[in-house]
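One file, my_file_2.json, is given below (JSON, C-alpha atoms and all ligand atoms).
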```json
[["chain", "number", "residue", "atom", "x", "y", "z"],
["P", 1, "MET", "CA", 313.15, 10.52, 114.91],
["P", 2, "TYR", "CA", 310.38, 10.37, 112.31],
["P", 3, "TYR", "CA", 310.07, 8.26, 109.20],
["P", 4, "THR", "CA", 308.13, 7.46, 106.06],
["P", 5, "THR", "CA", 307.97, 4.20, 104.11],
["P", 6, "ASN", "CA", 306.33, 5.53, 100.93],
["P", 7, "GLY", "CA", 309.29, 7.42, 99.57],
["P", 8, "SER", "CA", 308.06, 10.84, 100.63],
["P", 9, "ALA", "CA", 310.34, 13.28, 102.47],
["P", 10, "PRO", "CA", 310.01, 12.80, 106.25],
["P", 11, "THR", "CA", 309.30, 15.77, 108.50],
["P", 12, "ALA", "CA", 308.59, 16.34, 112.17],
["P", 13, "SER", "CA", 304.97, 15.53, 111.27],
["P", 14, "SER", "CA", 305.81, 12.04, 109.96],
["P", 15, "THR", "CA", 305.35, 8.80, 111.92],
["P", 16, "PRO", "CA", 307.46, 8.99, 115.10],
["P", 17, "TYR", "CA", 309.88, 6.16, 115.62],
["P", 18, "ALA", "CA", 308.68, 3.95, 118.48],
["P", 19, "GLY", "CA", 310.32, 0.58, 117.90],
["P", 20, "ALA", "CA", 311.04, -1.89, 115.14],
["P", 21, "ILE", "CA", 309.69, -0.77, 111.77],
["P", 22, "ASN", "CA", 307.80, -3.49, 109.94],
["P", 23, "ILE", "CA", 308.48, -3.52, 106.21],
["P", 24, "THR", "CA", 306.45, -5.97, 104.20],
["P", 25, "GLY", "CA", 305.36, -6.81, 100.67],
["P", 26, "ALA", "CA", 302.43, -8.60, 99.14],
["P", 27, "ASN", "CA", 302.60, -12.29, 98.24],
["P", 28, "GLY", "CA", 303.21, -12.79, 94.56],
["P", 29, "ALA", "CA", 304.92, -9.42, 94.11],
["P", 30, "LEU", "CA", 308.29, -7.74, 94.20],
["P", 31, "THR", "CA", 307.76, -4.78, 96.51],
["P", 32, "VAL", "CA", 310.29, -1.96, 96.73],
["P", 33, "VAL", "CA", 310.05, -0.11, 100.05],
["P", 34, "THR", "CA", 311.98, 3.13, 100.62],
["P", 35, "LEU", "CA", 312.44, 4.01, 104.27],
["P", 36, "LYS", "CA", 313.33, 7.65, 104.87],
["P", 37, "VAL", "CA", 314.25, 8.85, 108.35],
["P", 38, "PHE", "CA", 314.16, 12.38, 109.72],
["P", 39, "THR", "CA", 316.17, 13.05, 112.87],
["P", 40, "THR", "CA", 316.87, 16.04, 115.07],
["P", 41, "ASP", "CA", 319.31, 16.52, 117.91],
["P", 42, "PRO", "CA", 318.18, 17.63, 121.39],
["P", 43, "LEU", "CA", 318.51, 21.22, 120.26],
["P", 44, "GLY", "CA", 316.17, 20.66, 117.36],
["P", 45, "ASN", "CA", 318.78, 20.76, 114.63],
["P", 46, "ALA", "CA", 317.67, 18.51, 111.77],
["P", 47, "ARG", "CA", 320.03, 16.53, 109.61],
["P", 48, "ALA", "CA", 319.45, 15.52, 106.03],
["P", 49, "ALA", "CA", 317.02, 12.63, 105.75],
["P", 50, "ASP", "CA", 318.55, 9.17, 105.55],
["P", 51, "SER", "CA", 317.11, 6.88, 102.90],
["P", 52, "PHE", "CA", 317.13, 3.08, 102.79],
["P", 53, "ALA", "CA", 315.71, 0.96, 99.98],
["P", 54, "TYR", "CA", 314.45, -2.60, 100.55],
["P", 55, "ASN", "CA", 313.34, -5.14, 97.94],
["P", 56, "ILE", "CA", 310.72, -7.49, 99.39],
["P", 57, "ASP", "CA", 310.72, -10.41, 96.93],
["P", 58, "LYS", "CA", 307.62, -12.54, 97.32],
["P", 59, "GLN", "CA", 307.30, -13.34, 93.62],
["P", 60, "VAL", "CA", 305.98, -16.69, 92.45],
["P", 61, "PRO", "CA", 308.14, -18.69, 90.01],
["P", 62, "ALA", "CA", 307.98, -18.15, 86.28],
["P", 63, "ALA", "CA", 305.78, -20.47, 84.21],
["P", 64, "PRO", "CA", 307.48, -23.74, 83.20],
["P", 65, "ALA", "CA", 308.24, -24.31, 79.54],
["P", 66, "ILE", "CA", 306.09, -26.73, 77.55],
["P", 67, "PRO", "CA", 306.47, -30.30, 78.90],
["P", 68, "ASP", "CA", 308.41, -32.87, 76.89],
["P", 69, "MET", "CA", 307.63, -36.58, 76.60],
["P", 70, "GLN", "CA", 310.83, -38.53, 77.06],
["P", 71, "ALA", "CA", 312.05, -40.30, 73.93],
["P", 72, "ALA", "CA", 312.00, -43.68, 75.64],
["P", 73, "SER", "CA", 308.26, -43.23, 76.29],
["P", 74, "ASP", "CA", 307.44, -41.95, 72.80],
["P", 75, "SER", "CA", 307.09, -45.27, 70.96],
["P", 76, "GLY", "CA", 306.62, -45.91, 67.26],
["P", 77, "SER", "CA", 308.13, -44.48, 64.10],
["P", 78, "SER", "CA", 309.03, -41.18, 65.80],
["P", 79, "ASN", "CA", 310.24, -40.64, 69.35],
["P", 80, "THR", "CA", 309.33, -36.95, 69.16],
["P", 81, "ASP", "CA", 305.76, -37.01, 67.83],
["P", 82, "ASN", "CA", 304.10, -37.51, 71.23],
["P", 83, "ILE", "CA", 302.13, -40.49, 69.93],
["P", 84, "THR", "CA", 302.83, -43.59, 71.98],
["P", 85, "LYS", "CA", 301.51, -47.01, 72.84],
["P", 86, "ILE", "CA", 302.87, -46.66, 76.38],
["P", 87, "THR", "CA", 299.99, -45.91, 78.73],
["P", 88, "THR", "CA", 302.29, -44.57, 81.47],
["P", 89, "PRO", "CA", 304.67, -42.25, 79.61],
["P", 90, "THR", "CA", 307.31, -40.26, 81.47],
["P", 91, "PHE", "CA", 307.76, -36.54, 80.90],
["P", 92, "ASP", "CA", 310.49, -34.08, 81.73],
["P", 93, "VAL", "CA", 309.22, -31.43, 84.12],
["P", 94, "PRO", "CA", 310.68, -28.12, 82.85],
["P", 95, "GLN", "CA", 312.64, -26.74, 85.79],
["P", 96, "VAL", "CA", 312.05, -23.19, 86.97],
["P", 97, "ALA", "CA", 314.46, -21.08, 89.05],
["P", 98, "GLY", "CA", 313.23, -20.53, 92.57],
["P", 99, "ALA", "CA", 310.58, -23.23, 92.42],
["P", 100, "THR", "CA", 310.20, -25.47, 95.44],
["P", 101, "GLY", "CA", 307.79, -27.86, 93.74],
["P", 102, "TYR", "CA", 305.52, -28.54, 90.81],
["P", 103, "LYS", "CA", 301.90, -29.33, 90.06],
["P", 104, "VAL", "CA", 300.45, -31.26, 87.13],
["P", 105, "SER", "CA", 297.17, -31.07, 85.25],
["P", 106, "ILE", "CA", 296.22, -34.07, 83.09],
["P", 107, "GLY", "CA", 293.59, -33.71, 80.42],
["P", 108, "GLY", "CA", 292.55, -30.28, 81.65],
["P", 109, "GLY", "CA", 291.92, -31.51, 85.18],
["P", 110, "ALA", "CA", 292.78, -29.78, 88.43],
["P", 111, "PHE", "CA", 296.45, -29.14, 89.22],
["P", 112, "VAL", "CA", 297.82, -31.69, 91.66],
["P", 113, "ASN", "CA", 301.01, -31.32, 93.70],
["P", 114, "ILE", "CA", 303.76, -33.71, 92.58],
["P", 115, "GLY", "CA", 306.56, -32.29, 94.71],
["P", 116, "ASN", "CA", 309.97, -31.05, 93.66],
["P", 117, "VAL", "CA", 310.62, -33.47, 90.80],
["P", 118, "ALA", "CA", 312.48, -33.36, 87.47],
["P", 119, "THR", "CA", 310.44, -36.07, 85.76],
["P", 120, "TYR", "CA", 306.87, -37.23, 86.04],
["P", 121, "THR", "CA", 305.31, -40.54, 85.01],
["P", 122, "LEU", "CA", 301.61, -40.49, 84.27],
["P", 123, "PRO", "CA", 299.25, -42.92, 85.94],
["P", 124, "ALA", "CA", 297.82, -45.27, 83.31],
["P", 125, "GLN", "CA", 295.87, -43.41, 80.64],
["P", 126, "GLY", "CA", 293.30, -44.70, 78.18],
["P", 127, "ASP", "CA", 293.61, -44.47, 74.41],
["P", 128, "GLY", "CA", 293.00, -41.10, 72.83],
["P", 129, "ALA", "CA", 294.12, -37.49, 72.69],
["P", 130, "ASN", "CA", 295.31, -36.07, 75.99],
["P", 131, "THR", "CA", 297.02, -32.97, 77.39],
["P", 132, "LEU", "CA", 299.56, -32.13, 80.05],
["P", 133, "ARG", "CA", 300.47, -28.89, 81.83],
["P", 134, "PHE", "CA", 302.68, -28.08, 84.78],
["P", 135, "LYS", "CA", 302.88, -25.22, 87.26],
["P", 136, "ALA", "CA", 305.81, -24.33, 89.48],
["P", 137, "TYR", "CA", 305.30, -23.03, 92.98],
["P", 138, "ASN", "CA", 307.16, -21.59, 95.96],
["P", 139, "ALA", "CA", 306.13, -20.37, 99.40],
["P", 140, "PHE", "CA", 304.32, -17.40, 97.87],
["P", 141, "GLY", "CA", 302.11, -19.22, 95.39],
["P", 142, "ASP", "CA", 301.77, -20.93, 92.03],
["P", 143, "SER", "CA", 303.19, -19.83, 88.71],
["P", 144, "VAL", "CA", 301.15, -19.39, 85.59],
["P", 145, "ALA", "CA", 300.60, -22.77, 83.90],
["P", 146, "SER", "CA", 303.03, -24.00, 81.27],
["P", 147, "PRO", "CA", 301.94, -24.18, 77.64],
["P", 148, "THR", "CA", 299.84, -27.27, 76.96],
["P", 149, "LEU", "CA", 301.50, -30.38, 75.56],
["P", 150, "ASN", "CA", 299.17, -32.43, 73.36],
["P", 151, "PHE", "CA", 299.90, -36.13, 73.18],
["P", 152, "THR", "CA", 298.12, -39.31, 72.11],
["P", 153, "ILE", "CA", 297.98, -42.73, 73.69],
["P", 154, "LYS", "CA", 297.30, -45.47, 71.13],
["P", 155, "THR", "CA", 297.38, -49.11, 72.14],
["P", 156, "ALA", "CA", 294.89, -50.42, 69.58],
["P", 157, "SER", "CA", 296.55, -51.88, 66.50],
["P", 158, "GLU", "CA", 295.10, -51.35, 63.03],
["P", 159, "THR", "CA", 292.56, -53.80, 61.68],
["P", 160, "ILE", "CA", 291.73, -54.91, 58.14],
["P", 161, "SER", "CA", 289.26, -52.56, 56.48],
["P", 162, "GLY", "CA", 289.26, -53.89, 52.92],
["P", 163, "GLN", "CA", 290.83, -56.31, 50.44],
["P", 164, "ALA", "CA", 291.08, -56.62, 46.69],
["P", 165, "GLY", "CA", 292.81, -58.62, 43.98],
["P", 166, "TYR", "CA", 293.72, -62.27, 43.79],
["P", 167, "LEU", "CA", 295.24, -62.40, 47.26],
["P", 168, "ASN", "CA", 292.09, -61.31, 49.04],
["P", 169, "GLN", "CA", 291.64, -63.70, 51.92],
["P", 170, "TRP", "CA", 293.89, -62.08, 54.50],
["P", 171, "VAL", "CA", 292.88, -62.52, 58.10],
["P", 172, "VAL", "CA", 294.26, -60.97, 61.26],
["P", 173, "GLY", "CA", 296.40, -63.53, 63.05],
["P", 174, "GLY", "CA", 298.32, -66.53, 61.91],
["P", 175, "ALA", "CA", 295.69, -68.98, 60.71],
["P", 176, "GLY", "CA", 295.54, -67.78, 57.12],
["P", 177, "GLY", "CA", 292.57, -67.08, 54.94],
["P", 178, "ALA", "CA", 290.37, -69.54, 53.11],
["P", 179, "GLY", "CA", 291.52, -68.66, 49.65],
["P", 180, "ALA", "CA", 293.39, -71.09, 47.47],
["P", 181, "ILE", "CA", 294.88, -68.71, 45.06],
["P", 182, "PHE", "CA", 297.37, -70.36, 42.76],
["P", 183, "GLY", "CA", 297.08, -72.92, 40.12],
["P", 184, "ALA", "CA", 294.26, -71.75, 37.91],
["P", 185, "VAL", "CA", 296.72, -71.40, 35.08],
["P", 186, "GLY", "CA", 299.40, -73.48, 36.67],
["P", 187, "TYR", "CA", 302.42, -72.40, 38.61],
["P", 188, "PRO", "CA", 304.80, -70.63, 38.57],
["P", 189, "ASP", "CA", 302.49, -67.74, 37.84],
["P", 190, "SER", "CA", 302.34, -64.80, 40.24],
["P", 191, "ARG", "CA", 299.33, -63.52, 42.11],
["P", 192, "SER", "CA", 298.74, -60.08, 43.59],
["P", 193, "GLY", "CA", 296.37, -58.55, 46.05],
["P", 194, "THR", "CA", 295.94, -55.73, 48.51],
["P", 195, "VAL", "CA", 294.82, -55.52, 52.08],
["P", 196, "THR", "CA", 293.84, -52.13, 53.44],
["P", 197, "PHE", "CA", 294.15, -51.23, 57.12],
["P", 198, "SER", "CA", 292.02, -48.99, 59.28],
["P", 199, "GLY", "CA", 294.87, -46.52, 59.76],
["P", 200, "ASN", "CA", 298.34, -45.73, 58.50],
["P", 201, "VAL", "CA", 300.91, -48.49, 58.78],
["P", 202, "THR", "CA", 304.45, -49.30, 57.76],
["P", 203, "LEU", "CA", 305.61, -52.71, 56.63],
["P", 204, "VAL", "CA", 307.67, -54.71, 59.11],
["P", 205, "SER", "CA", 308.04, -58.03, 57.30],
["P", 206, "ILE", "CA", 306.54, -60.52, 54.85],
["P", 207, "THR", "CA", 307.32, -64.19, 55.27],
["P", 208, "THR", "CA", 306.07, -67.45, 53.82],
["P", 209, "THR", "CA", 305.88, -70.95, 55.21],
["P", 210, "SER", "CA", 307.67, -72.52, 52.26],
["P", 211, "PRO", "CA", 310.68, -71.66, 50.13],
["P", 212, "ASN", "CA", 308.46, -72.60, 47.19],
["P", 213, "ILE", "CA", 306.23, -69.62, 47.93],
["P", 214, "SER", "CA", 308.19, -66.47, 47.18],
["P", 215, "ILE", "CA", 307.33, -62.80, 47.46],
["P", 216, "ASP", "CA", 307.90, -60.86, 44.26],
["P", 217, "SER", "CA", 307.06, -57.54, 45.87],
["P", 218, "GLY", "CA", 305.49, -56.12, 48.97],
["P", 219, "ASN", "CA", 305.02, -52.52, 49.96],
["P", 220, "ILE", "CA", 302.65, -50.00, 51.49],
["P", 221, "THR", "CA", 300.93, -47.40, 49.33],
["P", 222, "GLY", "CA", 298.56, -44.65, 50.32],
["P", 223, "GLY", "CA", 299.76, -44.95, 53.88],
["P", 224, "ASN", "CA", 297.48, -47.86, 54.69],
["P", 225, "THR", "CA", 297.39, -50.39, 51.83],
["P", 226, "LEU", "CA", 299.66, -53.41, 51.73],
["P", 227, "ASN", "CA", 300.38, -54.66, 48.20],
["P", 228, "VAL", "CA", 301.72, -58.19, 47.84],
["P", 229, "THR", "CA", 302.70, -60.13, 44.75],
["P", 230, "ALA", "CA", 303.65, -63.76, 45.39],
["P", 231, "ARG", "CA", 304.72, -66.68, 43.29],
["P", 232, "MET", "CA", 304.68, -70.45, 43.77],
["P", 233, "SER", "CA", 307.49, -72.58, 42.35],
["P", 234, "ALA", "CA", 306.17, -76.00, 43.37],
["P", 235, "ALA", "CA", 302.84, -77.46, 44.34],
["P", 236, "VAL", "CA", 302.58, -76.69, 48.05],
["P", 237, "ASP", "CA", 300.06, -75.47, 50.55],
["P", 238, "GLY", "CA", 301.23, -72.66, 52.74],
["P", 239, "THR", "CA", 300.71, -69.25, 54.22],
["P", 240, "ILE", "CA", 301.96, -65.74, 53.54],
["P", 241, "THR", "CA", 302.28, -63.70, 56.70],
["P", 242, "ALA", "CA", 302.78, -59.94, 56.83],
["P", 243, "ILE", "CA", 303.43, -57.79, 59.87],
["P", 244, "VAL", "CA", 302.62, -54.08, 59.75],
["P", 245, "GLN", "CA", 303.07, -51.44, 62.40],
["P", 246, "ASP", "CA", 301.06, -48.32, 63.17],
["P", 247, "VAL", "CA", 302.45, -44.90, 64.04],
["P", 248, "ALA", "CA", 302.65, -45.75, 67.75],
["P", 249, "GLY", "CA", 304.40, -49.07, 67.13],
["P", 250, "ASN", "CA", 301.44, -51.40, 67.58],
["P", 251, "GLN", "CA", 301.84, -54.36, 65.24],
["P", 252, "THR", "CA", 299.18, -56.22, 63.28],
["P", 253, "THR", "CA", 299.90, -59.66, 61.86],
["P", 254, "VAL", "CA", 297.85, -60.73, 58.85],
["P", 255, "SER", "CA", 298.06, -63.97, 56.92],
["P", 256, "GLN", "CA", 296.82, -65.36, 53.63],
["P", 257, "ALA", "CA", 296.57, -69.08, 52.83],
["P", 258, "VAL", "CA", 297.87, -70.15, 49.45],
["P", 259, "SER", "CA", 297.72, -73.47, 47.70],
["P", 260, "GLN", "CA", 298.09, -74.97, 44.28],
["P", 261, "PHE", "CA", 295.17, -76.70, 42.67],
["P", 301, "CA", "CA", 306.01, -41.73, 68.94]]
```
Encoding of this model in structure tokens:
Amino acid sequence: MYYTTNGSAPTASSTPYAGAINITGANGALTVVTLKVFTTDPLGNARAADSFAYNIDKQVPAAPAIPDMQAASDSGSSNTDNITKITTPTFDVPQVAGATGYKVSIGGGAFVNIGNVATYTLPAQGDGANTLRFKAYNAFGDSVASPTLNFTIKTASETISGQAGYLNQWVVGGAGGAGAIFGAVGYPDSRSGTVTFSGNVTLVSITTTSPNISIDSGNITGGNTLNVTARMSAAVDGTITAIVQDVAGNQTTVSQAVSQF
């Protein structure tokens, strides 16, 4: 009995059968091996060659899809924008058929084995732009890396970058500014002002310390400027407090003292 493993027709000059035939394939590849066997009887009569095909599957897994930050970790105005104040966000690990485990690369770093998991929580990250990629692996090797997910950690709230108008003594925190802003022409006249923040914000609330200090209007324009018009209906000292929130959900409280004189 003689045989070939490269698909060619076996003859009496092919490899003689002398025991178990080892059929193998390379790691990382799907190898198709065709075993063809040539046999003769004791009288030398040959029979048609027998052919056997073997698929040696040592392929690595496919690349995972792009990672996804879980909604519960994606704080702020959008839970799909990948901007968050959470320093340890959790991501879904895109599952790949045939994978026995996964590796992660944070910020372009080396891929680290995280085992056969469906989710992955980052160790604490600092503020700033960051990236995440996964690979899947099996016994034969690693997949190609997933597409890169860009995300941003932002824990710093916005600060005051400018002020204008009559209400122009806003300070960060609850103490109130130094400005006494009503009374020059007697109440109940209204007073307006703006406070501009270092980045985009949305308005959460505006409150006052007295029912005799009322807010005529309050809104955000230009993405980062809080406009407030207030009115006093009796001679009181008090404070207007506004809370704004950045894109990641970090809040900034600012206050403005008001008084009648
Ligand atoms: Ca978000």
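Once all atoms listed in the file are used for the distance check, the residues close to ligand CA 301 (chain P) at 7 Å turn out to be Asp74, Ser75, Gly76, Ser77, Ser78, Asn79, Thr80, Asp81, Asn82, Ile83, Thr84, Val247 and Ala248 of chain P.
Interatomic distance, CA of Thr90 in chain P to CA of Leu122 in chain P: 6.4 Å.
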Residue contacts of Ala129 in chain P (7 Å, all atoms listed in the file) excluding same-chain residues fewer than 2 positions away, as number ranges by chain | P: 151-153
When distances are computed from only C-alpha atoms, which of P:Ala257, P:Ala234, P:Ala118, P:Ala97 shows the smallest separation from Val171 in chain P?
->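 Checking each candidate against Val171 in chain P, we get P:Ala257 as the closest.
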Excluding Ser255 in chain P and any residue of its chain fewer than 3 positions from it, enumerate the residues within 6 Å of it, using only C-alpha atoms, and give them as a list in words.
-> Trp170, Val171, Gly174, Gly176, Ile240 and Thr241 of chain P
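Note that CA of Gln169 in chain P and CA of Ser198 in chain P are 16.5 Å apart.
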Take every atom of range 13-32 of chain P listed in the file, pad by 5 Å on each side, and give me the axis-aligned box centre and edge lengths in Å, one decimal, as JSON.
```
{"center_x": 306.7, "center_y": 1.4, "center_z": 106.3, "size_x": 18.6, "size_y": 38.3, "size_z": 34.4}
```
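Nearest to Leu132 in chain P of all the residues P:Ser190, P:Pro67, P:Lys85, P:Gly101 is P:Pro67, based on all atoms listed in the file.
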Neighbourhood query: residues within 8 Å of (305.9, -13.6, 95.1), file coordinates, counting only C-alpha atoms; return as a PyMOL selection string.
-> chain P and resi 26-30+57-61+140-141
Taking the point (307.6, -21.7, 91.7) as given in the file, collect each protein or nucleic acid residue that comes within 6 Å of it, counting all atoms listed in the file, and present the set as a list in words.
->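 Result, sorted by chain then residue number: Val60, Pro61, Gly98, Ala99, Thr100, Ala136, Tyr137, Asn138, Asp142 and Ser143 of chain P.
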With distances taken over all atoms listed in the file, which of P:Asn227, P:Gln260, P:Ser14, P:Asn55 is nearest to Leu167 in chain P?
-> P:Asn227
Which of P:Gly223, P:Gly238, P:Gly107, P:Gly249 sits closest to Gly128 in chain P [using all atoms listed in the file] = P:Gly107
For Leu149 in chain P, list every protein, DNA or RNA residue within 12 Å, evaluated using all atoms listed in the file, and leave out those in the same chain fewer than 5 positions away; present the list as a list of chain:residue names.
-> P:Pro64, P:Ala65, P:Ile66, P:Pro67, P:Asp68, P:Met69, P:Asp81, P:Asn82, P:Ile83, P:Phe91, P:Asp92, P:Val93, P:Pro94, P:Val104, P:Ser105, P:Ile106, P:Gly107, P:Gly108, P:Ala129, P:Asn130, P:Thr131, P:Leu132, P:Arg133, P:Phe134
Measure the distance from CA of Met1 in chain P to CA of Val33 in chain P in Å and round it to one decimal.
->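 Between CA of Met1 in chain P and CA of Val33 in chain P the gap works out to 18.5 Å.
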For Asn224 in chain P, which residue among P:Val112, P:Ala18, P:Val172, P:Ile160 is the nearest when counting only C-alpha atoms?
-> P:Ile160
Extract, using all atoms listed in the file, all DNA, RNA and protein residues at most 7 Å from Thr34 in chain P, discarding same-chain residues fewer than 5 positions from it, and format them as number ranges by chain.
-> P: 5-7, 51-54
Limited to C-alpha atoms, could you put the picked residues into a file as a PDB file, in the frame of the given file?
```pdb
ATOM      1  CA  THR P   5     307.970   4.200 104.110  1.00  0.00           C
ATOM      2  CA  ASN P   6     306.330   5.530 100.930  1.00  0.00           C
ATOM      3  CA  GLY P   7     309.290   7.420  99.570  1.00  0.00           C
ATOM      4  CA  SER P  51     317.110   6.880 102.900  1.00  0.00           C
ATOM      5  CA  PHE P  52     317.130   3.080 102.790  1.00  0.00           C
ATOM      6  CA  ALA P  53     315.710   0.960  99.980  1.00  0.00           C
ATOM      7  CA  TYR P  54     314.450  -2.600 100.550  1.00  0.00           C
TER       8      TYR P  54
END
```
Tell me, as a tab-separated table (two decimals) with C-alpha atoms, in the frame of the given file, which residues lie within 8 Å of Ala164 in chain P, counting all atoms listed in the file; anything in the same chain fewer than 2 positions away does not count.
```
chain	number	residue	atom	x	y	z
P	162	GLY	CA	289.26	-53.89	52.92
P	166	TYR	CA	293.72	-62.27	43.79
P	167	LEU	CA	295.24	-62.40	47.26
P	168	ASN	CA	292.09	-61.31	49.04
P	193	GLY	CA	296.37	-58.55	46.05
P	194	THR	CA	295.94	-55.73	48.51
P	195	VAL	CA	294.82	-55.52	52.08
```
